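Quick look at my_file18.pdb (PDB, C-alpha atoms, pLDDT in the B column):
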ATOM      1  CA  MET A   1     222.980  32.601-264.448  1.00 42.00           C
ATOM      2  CA  GLY A   2     223.428  29.475-262.397  1.00 43.00           C
ATOM      3  CA  GLY A   3     222.385  26.006-263.470  1.00 41.00           C
ATOM      4  CA  GLY A   4     218.832  24.920-262.814  1.00 39.00           C
ATOM      5  CA  TYR A   5     216.233  22.390-263.663  1.00 33.00           C
ATOM      6  CA  CYS A   6     212.751  22.192-265.102  1.00 38.00           C
ATOM      7  CA  HIS A   7     210.352  19.424-264.142  1.00 35.00           C
ATOM      8  CA  THR A   8     207.744  20.116-266.817  1.00 34.00           C
ATOM      9  CA  CYS A   9     209.756  21.308-269.841  1.00 36.00           C
ATOM     10  CA  SER A  10     210.235  19.208-272.966  1.00 33.00           C
ATOM     11  CA  ARG A  11     213.643  18.928-274.581  1.00 31.00           C
ATOM     12  CA  SER A  12     212.569  21.277-277.364  1.00 32.00           C
ATOM     13  CA  SER A  13     211.097  23.951-275.098  1.00 34.00           C
ATOM     14  CA  SER A  14     212.903  26.892-273.533  1.00 36.00           C
ATOM     15  CA  PRO A  15     214.516  25.995-270.186  1.00 33.00           C
ATOM     16  CA  TRP A  16     212.329  28.432-268.241  1.00 39.00           C
ATOM     17  CA  ARG A  17     209.029  27.378-269.759  1.00 33.00           C
ATOM     18  CA  SER A  18     206.523  25.260-267.832  1.00 32.00           C
ATOM     19  CA  ARG A  19     203.018  24.027-268.555  1.00 28.00           C
ATOM     20  CA  ALA A  20     200.316  25.964-270.399  1.00 31.00           C
ATOM     21  CA  PRO A  21     199.368  29.264-268.745  1.00 30.00           C
ATOM     22  CA  GLY A  22     196.171  30.112-266.944  1.00 30.00           C
ATOM     23  CA  PRO A  23     194.978  31.478-263.618  1.00 28.00           C
ATOM     24  CA  SER A  24     194.986  29.019-260.759  1.00 30.00           C
ATOM     25  CA  ALA A  25     192.141  28.609-258.310  1.00 29.00           C
ATOM     26  CA  LEU A  26     193.836  31.215-256.117  1.00 33.00           C
ATOM     27  CA  SER A  27     193.847  33.944-258.744  1.00 36.00           C
ATOM     28  CA  THR A  28     191.290  35.725-260.864  1.00 37.00           C
ATOM     29  CA  GLN A  29     192.099  37.936-263.824  1.00 41.00           C
ATOM     30  CA  ALA A  30     189.433  40.249-265.229  1.00 40.00           C
ATOM     31  CA  THR A  31     190.337  42.007-268.472  1.00 41.00           C
ATOM     32  CA  ILE A  32     188.007  44.464-270.171  1.00 40.00           C
ATOM     33  CA  ASN A  33     189.302  45.958-273.417  1.00 43.00           C
ATOM     34  CA  ILE A  34     187.973  49.490-273.435  1.00 52.00           C
ATOM     35  CA  SER A  35     189.210  52.921-274.431  1.00 61.00           C
ATOM     36  CA  LEU A  36     190.327  54.707-271.292  1.00 77.00           C
ATOM     37  CA  PRO A  37     191.046  58.434-270.890  1.00 86.00           C
ATOM     38  CA  ALA A  38     194.062  57.842-268.634  1.00 90.00           C
ATOM     39  CA  SER A  39     196.553  55.192-267.581  1.00 93.00           C
ATOM     40  CA  LEU A  40     198.154  54.444-264.228  1.00 96.00           C
ATOM     41  CA  SER A  41     201.919  53.914-264.212  1.00 96.00           C
ATOM     42  CA  VAL A  42     203.931  52.389-261.358  1.00 97.00           C
ATOM     43  CA  SER A  43     207.544  53.308-260.576  1.00 96.00           C
ATOM     44  CA  PRO A  44     209.361  51.049-260.016  1.00 96.00           C
ATOM     45  CA  ASP A  45     207.250  48.764-262.214  1.00 97.00           C
ATOM     46  CA  ARG A  46     206.709  45.910-259.757  1.00 97.00           C
ATOM     47  CA  SER A  47     203.663  44.217-258.285  1.00 97.00           C
ATOM     48  CA  GLN A  48     205.293  43.228-254.953  1.00 98.00           C
ATOM     49  CA  PHE A  49     207.203  45.425-252.506  1.00 97.00           C
ATOM     50  CA  PHE A  50     208.833  45.165-249.100  1.00 96.00           C
ATOM     51  CA  GLU A  51     207.331  47.127-246.232  1.00 95.00           C
ATOM     52  CA  TYR A  52     208.257  50.850-246.234  1.00 94.00           C
ATOM     53  CA  ALA A  53     209.414  50.710-249.861  1.00 95.00           C
ATOM     54  CA  PRO A  54     208.647  53.946-251.761  1.00 96.00           C
ATOM     55  CA  VAL A  55     206.539  53.768-254.915  1.00 97.00           C
ATOM     56  CA  THR A  56     205.228  56.480-257.221  1.00 97.00           C
ATOM     57  CA  LEU A  57     201.827  56.011-258.846  1.00 97.00           C
ATOM     58  CA  SER A  58     201.180  58.448-261.706  1.00 95.00           C
ATOM     59  CA  CYS A  59     198.058  59.259-263.700  1.00 94.00           C
ATOM     60  CA  GLU A  60     199.065  59.761-267.323  1.00 92.00           C
ATOM     61  CA  VAL A  61     196.264  61.729-268.943  1.00 88.00           C
ATOM     62  CA  GLN A  62     195.783  63.041-272.465  1.00 79.00           C
ATOM     63  CA  GLY A  63     195.236  66.761-272.103  1.00 73.00           C
ATOM     64  CA  ASN A  64     194.559  68.414-268.767  1.00 76.00           C
ATOM     65  CA  SER A  65     195.399  66.166-265.797  1.00 74.00           C
ATOM     66  CA  ALA A  66     193.823  68.505-263.233  1.00 79.00           C
ATOM     67  CA  GLY A  67     191.297  66.753-261.029  1.00 83.00           C
ATOM     68  CA  TRP A  68     192.744  63.276-261.502  1.00 90.00           C
ATOM     69  CA  ARG A  69     193.795  61.420-258.340  1.00 91.00           C
ATOM     70  CA  VAL A  70     194.977  57.953-257.364  1.00 94.00           C
ATOM     71  CA  VAL A  71     192.403  55.756-255.623  1.00 94.00           C
ATOM     72  CA  ARG A  72     192.933  52.522-253.697  1.00 95.00           C
ATOM     73  CA  ASN A  73     190.658  49.638-252.819  1.00 92.00           C
ATOM     74  CA  ALA A  74     192.575  47.801-250.084  1.00 84.00           C
ATOM     75  CA  GLU A  75     192.244  44.058-249.539  1.00 73.00           C
ATOM     76  CA  ARG A  76     189.986  44.815-246.589  1.00 71.00           C
ATOM     77  CA  GLY A  77     187.604  46.583-248.950  1.00 75.00           C
ATOM     78  CA  ASN A  78     188.397  50.137-247.793  1.00 81.00           C
ATOM     79  CA  LEU A  79     188.066  52.570-250.711  1.00 87.00           C
ATOM     80  CA  SER A  80     190.115  55.759-250.262  1.00 91.00           C
ATOM     81  CA  GLU A  81     192.036  58.442-252.142  1.00 92.00           C
ATOM     82  CA  CYS A  82     195.714  59.352-252.016  1.00 94.00           C
ATOM     83  CA  ASN A  83     196.508  62.140-249.586  1.00 89.00           C
ATOM     84  CA  THR A  84     193.821  61.074-247.108  1.00 85.00           C
ATOM     85  CA  ASP A  85     195.265  58.580-244.636  1.00 84.00           C
ATOM     86  CA  TRP A  86     197.954  57.333-247.053  1.00 93.00           C
ATOM     87  CA  GLY A  87     200.288  58.746-249.707  1.00 95.00           C
ATOM     88  CA  LYS A  88     201.312  62.257-250.687  1.00 94.00           C
ATOM     89  CA  GLN A  89     199.670  63.833-253.720  1.00 89.00           C
ATOM     90  CA  ARG A  90     202.041  65.581-256.147  1.00 89.00           C
ATOM     91  CA  GLY A  91     199.966  66.894-259.046  1.00 86.00           C
ATOM     92  CA  SER A  92     198.463  63.816-260.695  1.00 87.00           C
ATOM     93  CA  SER A  93     200.968  61.499-258.966  1.00 93.00           C
ATOM     94  CA  CYS A  94     200.925  59.840-255.551  1.00 95.00           C
ATOM     95  CA  ILE A  95     204.050  58.955-253.575  1.00 96.00           C
ATOM     96  CA  VAL A  96     203.467  56.088-251.151  1.00 96.00           C
ATOM     97  CA  SER A  97     205.588  54.500-248.409  1.00 95.00           C
ATOM     98  CA  LEU A  98     204.112  51.019-248.490  1.00 95.00           C
ATOM     99  CA  MET A  99     202.895  48.886-245.587  1.00 92.00           C
ATOM    100  CA  PRO A 100     201.122  45.496-245.557  1.00 92.00           C
ATOM    101  CA  SER A 101     197.836  47.398-245.288  1.00 91.00           C
ATOM    102  CA  SER A 102     198.740  49.074-248.606  1.00 93.00           C
ATOM    103  CA  SER A 103     198.050  45.841-250.507  1.00 94.00           C
ATOM    104  CA  GLY A 104     195.164  46.266-252.910  1.00 94.00           C
ATOM    105  CA  VAL A 105     193.988  47.560-256.261  1.00 95.00           C
ATOM    106  CA  TYR A 106     194.999  51.050-257.429  1.00 96.00           C
ATOM    107  CA  TRP A 107     193.653  53.171-260.280  1.00 95.00           C
ATOM    108  CA  CYS A 108     193.228  56.798-261.361  1.00 94.00           C
ATOM    109  CA  GLU A 109     189.897  58.586-261.171  1.00 92.00           C
ATOM    110  CA  SER A 110     188.753  62.009-262.321  1.00 90.00           C
ATOM    111  CA  GLY A 111     186.340  64.344-260.598  1.00 86.00           C
ATOM    112  CA  SER A 112     183.723  63.397-263.196  1.00 86.00           C
ATOM    113  CA  GLY A 113     184.079  59.678-262.462  1.00 86.00           C
ATOM    114  CA  GLU A 114     186.336  58.627-265.363  1.00 90.00           C
ATOM    115  CA  HIS A 115     188.791  55.795-264.634  1.00 91.00           C
ATOM    116  CA  SER A 116     192.146  54.442-265.769  1.00 94.00           C
ATOM    117  CA  ASN A 117     193.447  50.881-265.858  1.00 93.00           C
ATOM    118  CA  ALA A 118     193.848  49.202-262.473  1.00 94.00           C
ATOM    119  CA  VAL A 119     197.011  47.719-260.944  1.00 96.00           C
ATOM    120  CA  ASN A 120     197.304  45.212-258.114  1.00 95.00           C
ATOM    121  CA  ILE A 121     200.069  45.825-255.538  1.00 96.00           C
ATOM    122  CA  THR A 122     201.045  43.392-252.784  1.00 96.00           C
ATOM    123  CA  VAL A 123     203.083  44.182-249.660  1.00 96.00           C
ATOM    124  CA  PRO A 124     203.546  40.861-247.839  1.00 95.00           C
ATOM    125  CA  ALA A 125     204.242  40.561-244.141  1.00 91.00           C
ATOM    126  CA  GLY A 126     206.997  38.052-244.970  1.00 92.00           C
ATOM    127  CA  ALA A 127     210.602  38.748-245.966  1.00 95.00           C
ATOM    128  CA  VAL A 128     210.529  37.350-249.543  1.00 97.00           C
ATOM    129  CA  ILE A 129     209.048  38.984-252.648  1.00 97.00           C
ATOM    130  CA  LEU A 130     209.006  38.280-256.367  1.00 98.00           C
ATOM    131  CA  GLU A 131     210.001  41.297-258.449  1.00 97.00           C
ATOM    132  CA  SER A 132     207.824  41.023-261.556  1.00 97.00           C
ATOM    133  CA  PRO A 133     206.177  43.680-263.750  1.00 97.00           C
ATOM    134  CA  ALA A 134     202.955  45.183-262.433  1.00 96.00           C
ATOM    135  CA  LEU A 135     202.010  46.485-265.885  1.00 96.00           C
ATOM    136  CA  PRO A 136     201.492  44.338-268.995  1.00 95.00           C
ATOM    137  CA  VAL A 137     204.615  43.455-270.977  1.00 96.00           C
ATOM    138  CA  THR A 138     204.799  43.185-274.768  1.00 96.00           C
ATOM    139  CA  GLU A 139     205.570  40.024-276.699  1.00 97.00           C
ATOM    140  CA  GLY A 140     209.230  39.916-277.694  1.00 96.00           C
ATOM    141  CA  ASP A 141     210.419  41.941-274.695  1.00 96.00           C
ATOM    142  CA  SER A 142     213.081  40.607-272.323  1.00 97.00           C
ATOM    143  CA  VAL A 143     211.683  40.199-268.805  1.00 97.00           C
ATOM    144  CA  THR A 144     213.669  39.404-265.651  1.00 97.00           C
ATOM    145  CA  LEU A 145     212.030  37.966-262.540  1.00 98.00           C
ATOM    146  CA  ARG A 146     213.913  38.342-259.248  1.00 97.00           C
ATOM    147  CA  CYS A 147     213.344  36.536-255.972  1.00 97.00           C
ATOM    148  CA  ARG A 148     214.403  38.932-253.215  1.00 96.00           C
ATOM    149  CA  TYR A 149     215.022  38.409-249.512  1.00 96.00           C
ATOM    150  CA  GLN A 150     214.745  41.482-247.305  1.00 94.00           C
ATOM    151  CA  GLY A 151     217.867  40.562-245.346  1.00 90.00           C
ATOM    152  CA  THR A 152     221.467  39.933-246.407  1.00 87.00           C
ATOM    153  CA  PRO A 153     222.339  38.549-248.873  1.00 87.00           C
ATOM    154  CA  SER A 154     219.216  39.490-250.848  1.00 85.00           C
ATOM    155  CA  ASP A 155     219.907  37.264-253.867  1.00 85.00           C
ATOM    156  CA  LEU A 156     219.690  33.755-252.404  1.00 93.00           C
ATOM    157  CA  THR A 157     219.287  30.648-254.547  1.00 96.00           C
ATOM    158  CA  ALA A 158     215.626  30.559-255.520  1.00 97.00           C
ATOM    159  CA  ILE A 159     213.096  28.230-257.120  1.00 98.00           C
ATOM    160  CA  PHE A 160     210.650  29.859-259.527  1.00 98.00           C
ATOM    161  CA  TYR A 161     207.107  28.652-260.226  1.00 98.00           C
ATOM    162  CA  LYS A 162     204.538  29.378-262.911  1.00 98.00           C
ATOM    163  CA  ASP A 163     200.923  28.367-262.396  1.00 97.00           C
ATOM    164  CA  GLY A 164     201.984  26.153-259.495  1.00 96.00           C
ATOM    165  CA  SER A 165     204.644  24.183-261.435  1.00 97.00           C
ATOM    166  CA  ILE A 166     208.400  24.539-261.034  1.00 97.00           C
ATOM    167  CA  ILE A 167     210.204  26.424-263.804  1.00 96.00           C
ATOM    168  CA  ARG A 168     213.700  25.966-262.411  1.00 95.00           C
ATOM    169  CA  ALA A 169     216.108  26.877-259.598  1.00 97.00           C
ATOM    170  CA  GLU A 170     218.704  29.638-259.977  1.00 97.00           C
ATOM    171  CA  SER A 171     221.688  30.328-257.725  1.00 96.00           C
ATOM    172  CA  SER A 172     221.572  34.002-258.792  1.00 95.00           C
ATOM    173  CA  GLY A 173     218.034  34.409-257.470  1.00 96.00           C
ATOM    174  CA  GLU A 174     216.711  35.577-260.850  1.00 97.00           C
ATOM    175  CA  ILE A 175     215.618  34.282-264.239  1.00 97.00           C
ATOM    176  CA  THR A 176     215.330  36.099-267.560  1.00 97.00           C
ATOM    177  CA  ILE A 177     212.828  35.354-270.304  1.00 96.00           C
ATOM    178  CA  PRO A 178     214.719  36.702-273.351  1.00 95.00           C
ATOM    179  CA  ALA A 179     211.725  37.082-275.685  1.00 95.00           C
ATOM    180  CA  ILE A 180     208.470  36.767-273.826  1.00 96.00           C
ATOM    181  CA  SER A 181     205.415  35.318-275.571  1.00 96.00           C
ATOM    182  CA  LYS A 182     201.718  35.046-274.818  1.00 96.00           C
ATOM    183  CA  SER A 183     202.240  31.506-273.499  1.00 96.00           C
ATOM    184  CA  ASP A 184     204.381  32.969-270.700  1.00 97.00           C
ATOM    185  CA  GLU A 185     201.409  34.850-269.267  1.00 97.00           C
ATOM    186  CA  GLY A 186     200.473  33.389-265.913  1.00 97.00           C
ATOM    187  CA  LEU A 187     200.770  33.310-262.160  1.00 98.00           C
ATOM    188  CA  TYR A 188     204.343  33.433-260.801  1.00 98.00           C
ATOM    189  CA  LYS A 189     205.942  32.993-257.380  1.00 98.00           C
ATOM    190  CA  CYS A 190     209.299  32.012-255.899  1.00 98.00           C
ATOM    191  CA  THR A 191     210.790  30.364-252.834  1.00 97.00           C
ATOM    192  CA  ASN A 192     214.201  30.468-251.191  1.00 97.00           C
ATOM    193  CA  SER A 193     215.723  29.334-247.907  1.00 96.00           C
ATOM    194  CA  GLU A 194     214.082  32.251-246.068  1.00 96.00           C
ATOM    195  CA  GLY A 195     210.522  31.717-247.242  1.00 96.00           C
ATOM    196  CA  LYS A 196     208.223  32.161-250.216  1.00 97.00           C
ATOM    197  CA  SER A 197     206.778  35.120-252.079  1.00 98.00           C
ATOM    198  CA  PRO A 198     203.108  35.787-252.784  1.00 97.00           C
ATOM    199  CA  GLU A 199     201.833  34.972-256.268  1.00 97.00           C
ATOM    200  CA  SER A 200     201.574  37.671-258.947  1.00 97.00           C
ATOM    201  CA  TRP A 201     199.924  37.542-262.347  1.00 97.00           C
ATOM    202  CA  MET A 202     202.028  38.656-265.335  1.00 97.00           C
ATOM    203  CA  THR A 203     200.120  39.817-268.413  1.00 96.00           C
ATOM    204  CA  VAL A 204     201.592  39.632-271.922  1.00 96.00           C
ATOM    205  CA  THR A 205     200.139  41.673-274.787  1.00 94.00           C
ATOM    206  CA  ASP A 206     200.855  41.164-278.478  1.00 87.00           C
ATOM    207  CA  GLY A 207     202.948  43.675-280.383  1.00 74.00           C
ATOM    208  CA  GLY A 208     199.858  45.281-281.913  1.00 63.00           C
ATOM    209  CA  SER A 209     198.170  45.934-278.592  1.00 48.00           C
ATOM    210  CA  ALA A 210     198.246  49.336-276.980  1.00 43.00           C
ATOM    211  CA  SER A 211     200.948  49.853-274.393  1.00 41.00           C
ATOM    212  CA  SER A 212     200.247  50.715-270.773  1.00 39.00           C
ATOM    213  CA  SER A 213     201.037  54.374-271.492  1.00 38.00           C
ATOM    214  CA  SER A 214     198.383  54.594-274.216  1.00 36.00           C
ATOM    215  CA  PRO A 215     194.874  55.833-273.448  1.00 35.00           C
ATOM    216  CA  THR A 216     193.577  52.677-275.095  1.00 35.00           C
ATOM    217  CA  THR A 217     194.532  49.886-272.728  1.00 36.00           C
ATOM    218  CA  SER A 218     193.081  46.979-270.793  1.00 37.00           C
ATOM    219  CA  LEU A 219     191.645  47.059-267.327  1.00 37.00           C
ATOM    220  CA  LEU A 220     193.680  44.353-265.627  1.00 37.00           C
ATOM    221  CA  LEU A 221     192.858  43.098-262.158  1.00 37.00           C
ATOM    222  CA  PRO A 222     195.173  40.250-261.081  1.00 39.00           C
ATOM    223  CA  LEU A 223     193.687  39.372-257.720  1.00 40.00           C
ATOM    224  CA  SER A 224     193.543  36.775-255.028  1.00 41.00           C
ATOM    225  CA  VAL A 225     190.179  35.232-254.213  1.00 37.00           C
ATOM    226  CA  SER A 226     189.910  37.567-251.237  1.00 38.00           C
ATOM    227  CA  GLY A 227     190.018  40.514-253.640  1.00 42.00           C
ATOM    228  CA  LEU A 228     187.513  39.200-256.181  1.00 39.00           C
ATOM    229  CA  VAL A 229     184.533  41.050-254.710  1.00 40.00           C
ATOM    230  CA  ALA A 230     186.463  44.330-254.794  1.00 44.00           C
ATOM    231  CA  ALA A 231     187.502  43.681-258.404  1.00 44.00           C
ATOM    232  CA  LEU A 232     183.945  43.037-259.541  1.00 44.00           C
ATOM    233  CA  SER A 233     182.780  46.172-257.749  1.00 49.00           C
ATOM    234  CA  ILE A 234     185.427  48.289-259.507  1.00 47.00           C
ATOM    235  CA  SER A 235     184.546  46.811-262.897  1.00 48.00           C
ATOM    236  CA  LEU A 236     180.859  47.562-262.342  1.00 48.00           C
ATOM    237  CA  ILE A 237     181.615  51.159-261.335  1.00 47.00           C
ATOM    238  CA  ILE A 238     183.697  51.692-264.466  1.00 45.00           C
ATOM    239  CA  LEU A 239     181.104  50.164-266.780  1.00 45.00           C
ATOM    240  CA  LEU A 240     178.319  52.247-265.245  1.00 49.00           C
ATOM    241  CA  GLY A 241     180.467  55.355-265.717  1.00 51.00           C
ATOM    242  CA  LEU A 242     180.983  54.548-269.388  1.00 47.00           C
ATOM    243  CA  PHE A 243     177.296  54.113-270.191  1.00 50.00           C
ATOM    244  CA  THR A 244     175.836  56.938-268.123  1.00 48.00           C
TER
END
Show me the file's structure as structure tokens.
Amino acid sequence: MGGGYCHTCSRSSSPWRSRAPGPSALSTQATINISLPASLSVSPDRSQFFEYAPVTLSCEVQGNSAGWRVVRNAERGNLSECNTDWGKQRGSSCIVSLMPSSSGVYWCESGSGEHSNAVNITVPAGAVILESPALPVTEGDSVTLRCRYQGTPSDLTAIFYKDGSIIRAESSGEITIPAISKSDEGLYKCTNSEGKSPESWMTVTDGGSASSSSPTTSLLLPLSVSGLVAALSISLIILLGLFT
């Protein structure tokens, strides 16, 4: 990995670490710890994609998965199911060729109104994305963040940011956090000579927390301000479903 710099790190801190984590004014994170009957997985596990990139969204259900489908609430507030005007349903999975209009919140829903965790996916109109996990990562895991340009070469020198502060620059276009901790949770983005990526929230769970593949998980909605109303609506729907 190429040499870099950190404007906000102390001498005793890790070279990639910046100031204390927390959502900025441009991001809202709603987490509700509840027992869920299903979980949504994303393959590849990223929160940002280039236009036309393929992604598979799968509903992992304990027991019979019949009747479960992937649902999307786009940034424009349009609620729709896979296999309507987007995606191809394959059992309890949905294969999507992404477009900028695909940006939004995705989750699994059963015919009886049960829900999974929710995942935020962004497809920017620009040519730069940050490859970071869409699903929560576990403390102690090694996590690599990549700043990608859609053209050639794709791995330009990049500057990485956390919560609006510079972490460091890397000539390889990527940084690795060798053993991630809760303090690394936050809002990340990157810039290179071709532009800048959107911001994405990365969630870190402790080793005792349930993984994303477990039916007991957290409902995570890392959203921009423009998506806050949709997030609150989804949370309300889920809570009403649990208590009715």
| task | Report the residues retrieved by the PyMOL selection byres ((chain A and resi 106-112) around 8) from the displayed file, expressed as a list of chain:residue names. | result |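 Selected by the PyMOL selection byres ((chain A and resi 106-112) around 8) in this file: A:Ala38, A:Ser39, A:Leu40, A:Cys59, A:Gly67, A:Trp68, A:Arg69, A:Val70, A:Val71, A:Arg72, A:Asn73, A:Gly104, A:Val105, A:Gly113, A:Glu114, A:His115, A:Ser116, A:Asn117, A:Ala118, A:Val119, A:Asn120, A:Ile121.
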| task | Go ahead and compute the interatomic distance for atom CA of Thr191 of chain A and atom CA of Asp163 of chain A, in Å to one decimal. | result | 13.9 Å
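Shortest atom-to-atom contact with Gly151 of chain A among A:Thr203, A:Ser193, A:Asn64, A:Ser97: A:Ser193, counting all atoms listed in the file.
Taking atom CA of Thr56 of chain A and atom CA of Ser200 of chain A as endpoints, the distance between them is 19.2 Å.
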| task | Expand the PyMOL selection byres ((chain A and resi 41) around 8) into the individual residues it matches in the shown file, reporting them as a ChimeraX atom specification. | result | /A:39-40,42-43,45,57-60,135,212-213
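The coordinates place atom CA of Leu145 of chain A at 13.0 Å from atom CA of Thr157 of chain A.
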| Ground truth for the PyMOL selection byres ((chain A and resi 173) around 8), written as a list in words |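 This file gives the following for the PyMOL selection byres ((chain A and resi 173) around 8): Arg146, Cys147, Arg148, Asp155, Leu156, Thr157, Ala158, Ile159, Glu170, Ser171, Ser172, Glu174 and Ile175 of chain A.
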| field | Nearby residues (all atoms listed in the file) at most 6 Å from segment 176-181 of chain A, same-chain spacing under 3 positions excluded, as a list in words | value |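 Residues meeting the cut-off are Glu139, Gly140, Asp141, Ser142, Val143, Thr144 and Asp184 of chain A.
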Output for the residues just chosen: C-alpha atoms as a JSON list (two decimals), in the frame of the given file:
[["chain", "number", "residue", "atom", "x", "y", "z"],
["A", 139, "GLU", "CA", 205.57, 40.02, -276.70],
["A", 140, "GLY", "CA", 209.23, 39.92, -277.69],
["A", 141, "ASP", "CA", 210.42, 41.94, -274.70],
["A", 142, "SER", "CA", 213.08, 40.61, -272.32],
["A", 143, "VAL", "CA", 211.68, 40.20, -268.80],
["A", 144, "THR", "CA", 213.67, 39.40, -265.65],
["A", 184, "ASP", "CA", 204.38, 32.97, -270.70]]
| request: Determine, counting all atoms listed in the file, which protein, DNA and RNA residues have an atom within 12 Å of an atom of segment 98-102 of chain A; residues of the same chain fewer than 3 positions away are not included. Present the result as number ranges by chain. | output: A: 47-57, 71-80, 82, 85-88, 94-95, 105-106, 120-127
| said: From the options A:Gly186, A:Pro198, A:Gly63, A:Pro153, which residue's atoms come nearest to Ile129 of chain A, counting all atoms listed in the file? | reply: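 Among the listed residues, the smallest separation from Ile129 of chain A belongs to A:Pro198.
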| query | Nearest to Ser183 of chain A: which of A:Leu36, A:Ile167, A:Val204, A:Ala134 is it, counting only C-alpha atoms? | reply | A:Val204
Padding of 6 Å on every side, edges along x, y and z, all listed atoms of segment 175-186 of chain A included: what centre and edge lengths in Å, to one decimal, does that box have, as AutoDock Vina command-line options?
--center_x 208.0 --center_y 34.3 --center_z -270.0 --size_x 27.1 --size_y 17.6 --size_z 23.4
